[in-house]
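**Student:** For reference, this is input_10.txt, and it has compact mmCIF, C-alpha atoms and all ligand atoms.
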```txt
# COMPACT_ATOMS: atom_id res chain seq x y z
CA MET N 1 40.43 77.80 225.05
CA THR N 2 39.44 80.14 222.21
CA VAL N 3 42.14 80.34 219.56
CA ARG N 4 42.71 84.02 218.74
CA ILE N 5 43.33 84.21 215.00
CA GLY N 6 44.96 86.99 212.97
CA VAL N 7 44.14 87.11 209.24
CA ILE N 8 46.64 88.47 206.69
CA GLY N 9 45.00 89.50 203.40
CA PRO N 10 41.24 89.12 203.88
CA GLY N 11 40.18 89.19 200.22
CA GLY N 12 37.63 86.74 198.78
CA MET N 13 39.11 83.63 200.38
CA GLY N 14 40.00 85.32 203.64
CA ARG N 15 36.51 86.75 204.10
CA ALA N 16 34.96 83.33 203.39
CA HIS N 17 37.22 81.81 206.07
CA ILE N 18 36.38 84.60 208.52
CA ASP N 19 32.68 83.99 207.91
CA ARG N 20 32.98 80.29 208.65
CA ILE N 21 35.09 80.88 211.78
CA THR N 22 32.58 83.45 213.01
CA ARG N 23 29.30 81.76 212.05
CA GLU N 24 29.81 78.04 211.61
CA LEU N 25 32.86 76.76 213.48
CA THR N 26 33.73 76.55 217.16
CA GLY N 27 36.81 77.35 219.20
CA GLY N 28 38.23 80.24 217.16
CA SER N 29 37.81 83.98 217.03
CA VAL N 30 39.22 86.46 214.51
CA VAL N 31 40.85 89.17 216.64
CA ALA N 32 43.18 90.88 214.15
CA VAL N 33 43.44 91.61 210.43
CA THR N 34 45.85 93.33 208.08
CA ASP N 35 45.79 94.00 204.36
CA ILE N 36 47.94 96.08 202.01
CA ASP N 37 44.58 97.62 201.15
CA ALA N 38 44.07 99.40 204.50
CA ALA N 39 40.47 100.34 203.69
CA ASN N 40 39.65 96.67 203.10
CA ALA N 41 41.26 95.71 206.43
CA ALA N 42 39.17 98.34 208.22
CA ARG N 43 35.95 97.19 206.50
CA VAL N 44 36.57 93.57 207.45
CA ALA N 45 37.66 94.34 211.03
CA GLU N 46 34.82 96.67 211.97
CA PRO N 47 31.91 94.19 212.38
CA LEU N 48 34.23 91.71 214.12
CA GLY N 49 35.61 94.22 216.59
CA ALA N 50 39.04 93.02 215.42
CA LYS N 51 42.20 95.10 215.60
CA VAL N 52 43.68 96.40 212.34
CA HIS N 53 47.46 96.08 212.09
CA GLY N 54 49.70 98.05 209.76
CA SER N 55 51.63 94.99 208.56
CA GLY N 56 51.71 91.20 208.70
CA GLY N 57 54.82 91.35 210.88
CA GLU N 58 53.08 93.55 213.44
CA LEU N 59 50.00 91.28 213.51
CA ILE N 60 52.09 88.14 213.96
CA ALA N 61 54.14 89.71 216.78
CA SER N 62 51.02 90.77 218.67
CA ASP N 63 50.51 89.03 222.04
CA ASP N 64 46.78 88.95 221.27
CA VAL N 65 47.28 86.61 218.28
CA ASP N 66 47.69 82.85 218.91
CA ALA N 67 47.58 81.65 215.30
CA VAL N 68 47.80 83.13 211.82
CA LEU N 69 45.68 82.62 208.71
CA VAL N 70 47.44 83.75 205.51
CA THR N 71 45.05 84.47 202.64
CA SER N 72 47.02 87.16 200.80
CA PHE N 73 48.15 86.45 197.23
CA GLY N 74 50.73 83.74 196.56
CA PRO N 75 53.93 85.82 196.19
CA ALA N 76 53.28 87.41 199.64
CA HIS N 77 52.87 84.08 201.48
CA GLU N 78 56.55 83.31 202.09
CA GLU N 79 57.26 86.44 204.13
CA SER N 80 54.25 85.92 206.42
CA VAL N 81 54.85 82.20 206.88
CA LEU N 82 58.53 82.77 207.75
CA GLN N 83 57.53 85.45 210.27
CA ALA N 84 54.99 83.10 211.87
CA ILE N 85 57.60 80.33 212.17
CA GLU N 86 60.04 82.78 213.73
CA ALA N 87 57.39 83.84 216.23
CA GLY N 88 56.61 80.16 216.99
CA LYS N 89 52.95 80.58 215.96
CA PRO N 90 50.87 78.04 214.00
CA VAL N 91 49.99 79.26 210.52
CA LEU N 92 47.41 78.05 208.02
CA CYS N 93 48.51 79.34 204.63
CA GLU N 94 46.22 79.21 201.63
CA LYS N 95 47.65 77.45 198.61
CA PRO N 96 50.17 77.89 197.10
CA LEU N 97 52.50 77.78 200.10
CA ALA N 98 54.74 79.91 197.86
CA PRO N 99 54.92 80.26 194.08
CA THR N 100 58.23 78.41 193.58
CA ALA N 101 59.92 75.34 195.03
CA ASP N 102 62.91 77.47 196.11
CA ALA N 103 60.67 79.70 198.20
CA CYS N 104 59.00 76.62 199.75
CA LEU N 105 62.44 75.22 200.59
CA ARG N 106 63.26 78.37 202.57
CA ILE N 107 60.09 77.72 204.59
CA ILE N 108 61.05 74.06 205.12
CA ASP N 109 64.54 75.10 206.26
CA ALA N 110 63.07 77.56 208.77
CA GLU N 111 60.58 75.02 210.09
CA VAL N 112 63.18 72.28 210.39
CA ALA N 113 65.43 74.73 212.28
CA ALA N 114 62.48 75.56 214.58
CA GLY N 115 62.15 71.82 215.20
CA ARG N 116 58.36 71.57 215.00
CA LYS N 117 55.60 71.67 212.43
CA LEU N 118 53.82 75.00 212.53
CA VAL N 119 52.74 75.29 208.90
CA THR N 120 49.52 73.88 207.41
CA VAL N 121 48.76 74.44 203.72
CA GLY N 122 45.17 75.06 202.63
CA PHE N 123 44.70 72.01 200.43
CA MET N 124 41.04 71.59 201.38
CA ARG N 125 40.17 68.80 198.97
CA ARG N 126 41.80 66.41 201.42
CA PHE N 127 38.72 67.07 203.56
CA ASP N 128 36.12 66.51 200.84
CA ARG N 129 33.81 63.57 201.63
CA SER N 130 33.74 62.26 198.07
CA TYR N 131 37.53 62.24 197.62
CA ASN N 132 37.82 60.54 201.02
CA GLU N 133 35.42 57.78 199.94
CA MET N 134 37.51 57.31 196.81
CA LYS N 135 40.65 57.03 198.96
CA GLN N 136 38.93 54.46 201.20
CA VAL N 137 38.01 52.26 198.22
CA LEU N 138 41.62 52.38 197.02
CA ALA N 139 42.99 51.60 200.50
CA SER N 140 40.58 48.66 200.95
CA GLY N 141 42.18 46.90 197.97
CA GLU N 142 38.70 45.64 196.94
CA LEU N 143 39.10 46.89 193.36
CA GLY N 144 42.82 46.30 193.10
CA GLU N 145 45.51 48.89 192.50
CA ALA N 146 45.18 52.36 190.96
CA LEU N 147 46.22 52.56 187.31
CA ILE N 148 44.86 55.81 185.85
CA VAL N 149 43.20 58.98 187.20
CA HIS N 150 41.19 61.38 185.01
CA ASN N 151 40.64 64.89 186.42
CA ARG N 152 38.74 67.90 185.15
CA HIS N 153 39.14 71.34 186.74
CA ARG N 154 36.78 73.82 185.12
CA ASN N 155 36.06 77.42 186.08
CA PRO N 156 33.43 79.66 184.49
CA THR N 157 35.81 82.57 183.79
CA ALA N 158 39.30 83.79 184.64
CA PRO N 159 40.06 87.51 185.08
CA GLU N 160 42.65 89.34 182.94
CA THR N 161 45.05 89.24 185.92
CA TYR N 162 45.13 85.42 185.69
CA THR N 163 48.49 84.77 184.03
CA ALA N 164 49.37 81.89 181.69
CA THR N 165 51.35 79.95 184.31
CA MET N 166 48.55 80.18 186.89
CA ALA N 167 46.83 77.31 185.03
CA ILE N 168 49.47 75.21 186.80
CA THR N 169 50.51 77.16 189.91
CA ASP N 170 47.05 78.32 190.95
CA THR N 171 44.64 75.81 189.42
CA ALA N 172 46.24 72.41 188.69
CA ILE N 173 48.04 72.66 192.04
CA HIS N 174 44.83 71.35 193.62
CA GLU N 175 44.93 68.16 191.55
CA ILE N 176 48.70 67.87 192.13
CA ASP N 177 48.20 67.81 195.89
CA THR N 178 45.06 65.70 195.75
CA MET N 179 46.74 63.06 193.57
CA ARG N 180 49.79 62.85 195.90
CA TRP N 181 47.43 62.46 198.87
CA LEU N 182 45.02 60.04 197.17
CA LEU N 183 47.68 57.73 195.75
CA ASP N 184 50.14 58.23 198.61
CA GLU N 185 53.11 58.53 196.29
CA GLU N 186 55.13 61.23 194.59
CA ILE N 187 54.77 62.48 191.03
CA VAL N 188 57.95 61.86 189.04
CA GLU N 189 57.30 63.38 185.62
CA VAL N 190 54.92 65.85 184.02
CA ARG N 191 54.00 67.21 180.64
CA VAL N 192 51.61 69.92 179.48
CA ASP N 193 49.58 69.36 176.28
CA LYS N 194 48.05 72.38 174.59
CA PRO N 195 44.74 71.75 172.81
CA LYS N 196 42.97 74.16 170.50
CA ARG N 197 42.29 77.33 172.50
CA THR N 198 38.85 78.62 173.42
CA ARG N 199 37.82 81.96 171.89
CA ASN N 200 36.43 82.92 175.33
CA ARG N 201 39.79 83.78 176.87
CA PHE N 202 42.18 86.67 177.26
CA GLU N 203 44.79 86.56 174.49
CA HIS N 204 47.74 85.75 176.79
CA LEU N 205 46.22 82.44 177.95
CA GLN N 206 46.59 78.90 176.70
CA ASP N 207 43.14 77.68 177.74
CA PRO N 208 42.41 74.81 178.09
CA VAL N 209 45.58 72.91 178.94
CA VAL N 210 45.89 69.21 179.69
CA PHE N 211 48.38 68.43 182.42
CA ILE N 212 49.78 64.89 182.32
CA MET N 213 51.53 63.41 185.35
CA ARG N 214 53.07 60.04 186.18
CA THR N 215 53.74 58.74 189.69
CA GLU N 216 56.58 56.63 191.11
CA SER N 217 54.64 53.37 190.60
CA GLY N 218 53.56 54.41 187.07
CA VAL N 219 50.00 55.63 187.71
CA TRP N 220 49.09 57.88 184.76
CA ILE N 221 47.12 61.03 185.57
CA ASP N 222 45.50 63.55 183.28
CA ASP N 223 44.05 66.91 184.36
CA GLU N 224 42.03 69.06 182.00
CA VAL N 225 42.37 72.64 183.25
CA PHE N 226 39.82 74.86 181.54
CA VAL N 227 39.26 78.19 183.30
CA ASN N 228 36.84 79.87 180.86
CA ILE N 229 34.29 77.14 180.28
CA ARG N 230 31.44 79.53 181.08
CA TYR N 231 28.86 77.04 182.41
CA GLY N 232 30.21 76.67 185.95
CA TYR N 233 32.82 75.51 188.46
CA ASP N 234 33.04 71.81 187.78
CA ILE N 235 35.47 69.44 189.46
CA GLN N 236 35.52 65.87 188.24
CA CYS N 237 37.70 62.91 189.07
CA GLU N 238 37.60 59.28 188.00
CA LEU N 239 39.97 56.75 189.53
CA VAL N 240 40.53 53.67 187.36
CA LEU N 241 41.57 50.57 189.27
CA GLU N 242 42.24 46.97 188.18
CA GLN N 243 38.67 45.78 188.74
CA GLY N 244 36.52 48.91 188.66
CA THR N 245 36.36 52.68 188.82
CA VAL N 246 35.42 55.27 191.45
CA THR N 247 34.06 58.67 190.41
CA LEU N 248 33.53 61.80 192.53
CA SER N 249 29.90 62.44 193.36
CA ASP N 250 28.63 65.15 191.06
CA GLN N 251 28.69 68.55 192.82
CA ASN N 252 27.43 67.05 196.11
CA ARG N 253 23.95 68.03 194.92
CA THR N 254 20.50 66.47 194.85
CA VAL N 255 19.39 65.30 191.41
CA ARG N 256 16.26 66.95 189.97
CA ARG N 257 14.14 64.98 187.49
CA ASP N 258 11.43 66.57 185.35
CA ALA N 259 10.31 66.96 181.72
CA GLN N 260 13.79 68.28 180.82
CA GLY N 261 15.44 65.16 182.24
CA SER N 262 17.62 64.43 185.26
CA ARG N 263 20.19 66.96 186.43
CA ASN N 264 21.79 68.69 189.36
CA ALA N 265 22.79 72.34 189.39
CA VAL N 266 26.43 73.12 188.65
CA THR N 267 27.84 75.65 191.11
CA ARG N 268 29.89 78.63 189.91
CA ASP N 269 32.05 78.91 192.97
CA HIS N 270 34.70 76.92 194.84
CA ASN N 271 33.36 78.13 198.20
CA ASP N 272 30.05 76.52 197.35
CA ARG N 273 31.36 73.20 195.93
CA PHE N 274 33.88 72.72 198.74
CA HIS N 275 31.94 74.41 201.57
CA GLU N 276 31.98 71.35 203.83
CA ALA N 277 35.62 70.57 203.04
CA PHE N 278 36.71 74.14 203.88
CA ASN N 279 34.74 73.96 207.14
CA ALA N 280 36.29 70.61 208.08
CA GLU N 281 39.78 71.87 207.22
CA LEU N 282 39.45 75.05 209.31
CA GLN N 283 37.70 73.31 212.22
CA GLN N 284 40.38 70.64 212.40
CA TRP N 285 43.10 73.31 212.31
CA ILE N 286 41.52 75.40 215.09
CA SER N 287 41.02 72.31 217.28
CA ALA N 288 44.59 71.13 216.67
CA VAL N 289 46.02 74.58 217.48
CA ALA N 290 44.07 74.54 220.75
CA ARG N 291 45.64 71.17 221.60
CA GLY N 292 49.10 72.36 220.55
CA GLU N 293 49.21 69.89 217.65
CA HIS N 294 49.81 70.08 213.90
CA THR N 295 47.18 68.97 211.40
CA GLY N 296 46.50 68.90 207.67
CA SER N 297 49.03 69.13 204.89
CA SER N 298 52.51 70.24 205.83
CA ALA N 299 55.15 72.55 204.40
CA TRP N 300 56.54 69.38 202.76
CA ASP N 301 53.27 68.98 200.84
CA GLY N 302 53.45 72.64 199.85
CA TYR N 303 57.02 72.12 198.63
CA ALA N 304 56.28 68.85 196.78
CA ALA N 305 53.36 70.49 194.96
CA ALA N 306 55.54 73.48 194.06
CA VAL N 307 58.24 71.24 192.54
CA VAL N 308 55.64 69.60 190.32
CA CYS N 309 54.31 73.08 189.41
CA ASP N 310 57.81 74.28 188.49
CA ALA N 311 58.19 71.29 186.13
CA GLY N 312 54.71 71.92 184.71
CA VAL N 313 55.47 75.58 184.08
CA SER N 314 58.67 74.62 182.29
CA SER N 315 56.70 72.28 180.00
CA LEU N 316 53.93 74.84 179.48
CA LEU N 317 56.34 77.61 178.52
CA GLY N 318 58.45 75.22 176.44
CA ASP N 319 57.33 72.79 173.75
CA GLY N 320 55.20 70.61 175.98
CA GLU N 321 58.14 68.32 176.67
CA GLN N 322 58.17 65.67 179.41
CA VAL N 323 59.90 67.17 182.49
CA PRO N 324 61.25 65.05 185.35
CA VAL N 325 60.36 66.01 188.92
CA SER N 326 62.92 65.56 191.64
CA LEU N 327 62.50 66.30 195.32
CA ILE N 328 65.12 66.78 198.02
CA ASP N 329 65.36 64.01 200.63
CA ARG N 330 62.42 64.37 202.98
CA PRO N 331 63.59 65.88 206.29
CA GLY N 332 62.82 63.76 209.38
CA LEU N 333 60.34 66.37 210.61
CA TYR N 334 58.00 65.33 207.78
CA ALA N 335 58.53 61.54 208.03
P1 LIG U 401 42.01 88.24 196.65
O1 LIG U 401 42.78 89.05 195.68
O2 LIG U 401 40.53 88.32 196.67
O3 LIG U 401 42.52 88.55 198.12
C1 LIG U 401 43.87 88.74 198.45
C2 LIG U 401 43.93 89.82 199.52
O4 LIG U 401 45.27 89.89 200.00
C3 LIG U 401 43.55 91.22 199.01
O5 LIG U 401 42.67 91.83 199.92
C4 LIG U 401 44.91 91.95 198.94
O6 LIG U 401 44.79 93.33 199.15
C5 LIG U 401 45.65 91.27 200.07
N1 LIG U 401 47.11 91.29 199.98
C6 LIG U 401 47.89 91.07 198.90
N2 LIG U 401 49.19 91.15 199.25
C7 LIG U 401 49.23 91.38 200.58
C8 LIG U 401 50.27 91.55 201.53
N3 LIG U 401 51.56 91.51 201.15
N4 LIG U 401 49.94 91.78 202.82
C9 LIG U 401 48.66 91.85 203.19
N5 LIG U 401 47.61 91.71 202.35
C10 LIG U 401 47.90 91.47 201.05
O7 LIG U 401 42.47 86.73 196.39
P2 LIG U 401 41.74 85.39 196.89
O8 LIG U 401 40.96 84.82 195.77
O9 LIG U 401 41.12 85.63 198.19
O10 LIG U 401 43.01 84.42 197.05
C11 LIG U 401 43.83 84.53 198.18
C12 LIG U 401 44.63 83.24 198.34
O11 LIG U 401 43.72 82.15 198.49
C13 LIG U 401 45.51 82.90 197.13
O12 LIG U 401 46.70 82.31 197.58
C14 LIG U 401 44.67 81.89 196.36
O13 LIG U 401 45.44 80.98 195.59
C15 LIG U 401 43.97 81.18 197.50
N6 LIG U 401 42.71 80.57 197.10
C16 LIG U 401 42.49 79.28 197.45
C17 LIG U 401 41.34 78.66 197.05
C18 LIG U 401 41.10 77.22 197.40
O14 LIG U 401 40.31 76.58 196.71
N7 LIG U 401 41.73 76.70 198.44
C19 LIG U 401 40.38 79.34 196.30
C20 LIG U 401 40.64 80.69 196.00
C21 LIG U 401 41.80 81.29 196.40
```
As structure tokens, please, write out the structure in this file.

**Tutor:**
Amino acid sequence: MTVRIGVIGPGGMGRAHIDRITRELTGGSVVAVTDIDAANAARVAEPLGAKVHGSGGELIASDDVDAVLVTSFGPAHEESVLQAIEAGKPVLCEKPLAPTADACLRIIDAEVAAGRKLVTVGFMRRFDRSYNEMKQVLASGELGEALIVHNRHRNPTAPETYTATMAITDTAIHEIDTMRWLLDEEIVEVRVDKPKRTRNRFEHLQDPVVFIMRTESGVWIDDEVFVNIRYGYDIQCELVLEQGTVTLSDQNRTVRRDAQGSRNAVTRDHNDRFHEAFNAELQQWISAVARGEHTGSSAWDGYAAAVVCDAGVSSLLGDGEQVPVSLIDRPGLYA
């Protein structure tokens, strides 16, 4: 069976996903697109021979669409995801599931009422080889229990449209989900520290920020979020255990050694650094949809990340105070 996919909002991320579905993955075909920018929708659809729809609702209702990929911007996700649930169609929604915990709860309520998991959230780091090796070392118990995790999330530049709170809701949200998944426990309190600001930023930004989290068992996590570091897109993570540490492989790149020393190139782009993870995420989703199964992170994961983000935003906009995180009881659907 070929899964016929409709894409809502094929901007940078959506086009990258369409490319991988079309050129690299198997079992899926992009048959429909829609975008509030109609010219963009037409441009993307033309080489694919895909149908252009006037709205997300129309695309989702189409009998020609089996599954929906939502890659529009965060505040538009909720409407599309709710429509997909109502239509009983599987939906892979790019992160964030929705910008606030309340919006995510409305999605959870709809999915629980539908009685089956239809929503997957695009937390692709769960598919990264290096993070998976780190998780395996932790699970083996060989080095004891996790105590501390150091993260760095660096981007070369952020556009003027990147708002102050996006450091948490758009950027740190990756580490929030990855830490929940890696450590297999919830985050219970957060705090945002505000270092000296870089001169290479738009005035409205606090950049960098350091996001501090603590989990149920007391694991202490720091996350340096620095979105104007100029030199590249650089994701680092070091897990400190009782008898050793595990560090992400650097950039998944070959090391070059010459008169200037040893080094590997730093990418500038998330699609490059996480190319294999994105492919694995999308391939697994397409294959699961074909089998009528759910895969990947759920609406619960989208909600849990959003609650932590809400607390982080409150600390960021306040005085950097410690903010507790509390989740609703986990519905049975997500047990
Ligand atoms: P973008 O601005 O390049 O693309 C968004 C597209 O959605 C645009 O074409 C826009 O016209 C369209 N759009 C906006 N509102 C819409 C609506 N209501 N209906 C239909 N189309 C609409 O942004 P992007 O960088 O591609 O990001 C898209 C999403 O992907 C965001 O949620 C972002 O957080 C996420 N993202 C995830 C990763 C990752 O690492 N997983 C990386 C980048 C972006």

**Student:** For ligand LIG 401 (chain U), collect every residue having any atom at a distance of at most 6 Å from a ligand atom (counting all atoms listed in the file); output as an mmCIF file with C-alpha atoms, in the coordinates of the input.

**Tutor:**
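For reference, pocket.cif as written:
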```cif
data_model
loop_
_atom_site.group_PDB
_atom_site.id
_atom_site.type_symbol
_atom_site.label_atom_id
_atom_site.label_comp_id
_atom_site.auth_asym_id
_atom_site.auth_seq_id
_atom_site.Cartn_x
_atom_site.Cartn_y
_atom_site.Cartn_z
ATOM 1 C CA ILE N 8 46.640 88.470 206.690
ATOM 2 C CA GLY N 9 45.000 89.500 203.400
ATOM 3 C CA PRO N 10 41.240 89.120 203.880
ATOM 4 C CA GLY N 11 40.180 89.190 200.220
ATOM 5 C CA GLY N 12 37.630 86.740 198.780
ATOM 6 C CA MET N 13 39.110 83.630 200.380
ATOM 7 C CA GLY N 14 40.000 85.320 203.640
ATOM 8 C CA THR N 34 45.850 93.330 208.080
ATOM 9 C CA ASP N 35 45.790 94.000 204.360
ATOM 10 C CA ILE N 36 47.940 96.080 202.010
ATOM 11 C CA ASP N 37 44.580 97.620 201.150
ATOM 12 C CA THR N 71 45.050 84.470 202.640
ATOM 13 C CA SER N 72 47.020 87.160 200.800
ATOM 14 C CA PHE N 73 48.150 86.450 197.230
ATOM 15 C CA GLY N 74 50.730 83.740 196.560
ATOM 16 C CA ALA N 76 53.280 87.410 199.640
ATOM 17 C CA GLU N 94 46.220 79.210 201.630
ATOM 18 C CA LYS N 95 47.650 77.450 198.610
ATOM 19 C CA PRO N 96 50.170 77.890 197.100
ATOM 20 C CA GLY N 122 45.170 75.060 202.630
ATOM 21 C CA PHE N 123 44.700 72.010 200.430
ATOM 22 C CA MET N 124 41.040 71.590 201.380
ATOM 23 C CA ASP N 170 47.050 78.320 190.950
ATOM 24 C CA HIS N 270 34.700 76.920 194.840
#
```

**Student:** Rounded to one decimal in Å, what is the spacing between CA of Ala16 (chain N) and CA of Ala172 (chain N)?

**Tutor:**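 Pair CA of Ala16 (chain N) / CA of Ala172 (chain N) returns 21.5 Å.
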
**Student:** Mind giving me the straight-line distance from CA of Val219 (chain N) to CA of Ala299 (chain N) in Å, one decimal?

**Tutor:** 24.3 Å

**Student:** Restricting the calculation to only C-alpha atoms, which member of N:Asp177, N:Glu203, N:Asp63, N:Asp319 is positioned closest to Glu160 (chain N)?

**Tutor:**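 Distance minimum relative to Glu160 (chain N) lands on N:Glu203.
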
**Student:** Using all atoms listed in the file, which residue out of N:Ala67, N:Met134, N:Ser29, N:Ala304 lies closest to Gly244 (chain N)?

**Tutor:** N:Met134

**Student:** For Arg129 (chain N), which residue among N:Leu248, N:Val7, N:Ile168, N:Leu317 is the nearest when counting all atoms listed in the file?

**Tutor:**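 Checking each candidate against Arg129 (chain N), we get N:Leu248 as the closest.
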
**Student:** What is the CA of Val33 (chain N)-CA of His17 (chain N) distance in Å, reported with one decimal?

**Tutor:** 12.4 Å

**Student:** Between N:Asn151, N:Gln83, N:Asn271, N:Thr198, single out the one closest to Val240 (chain N), counting all atoms listed in the file.

**Tutor:**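 Smallest distance to Val240 (chain N) is found for N:Asn151.
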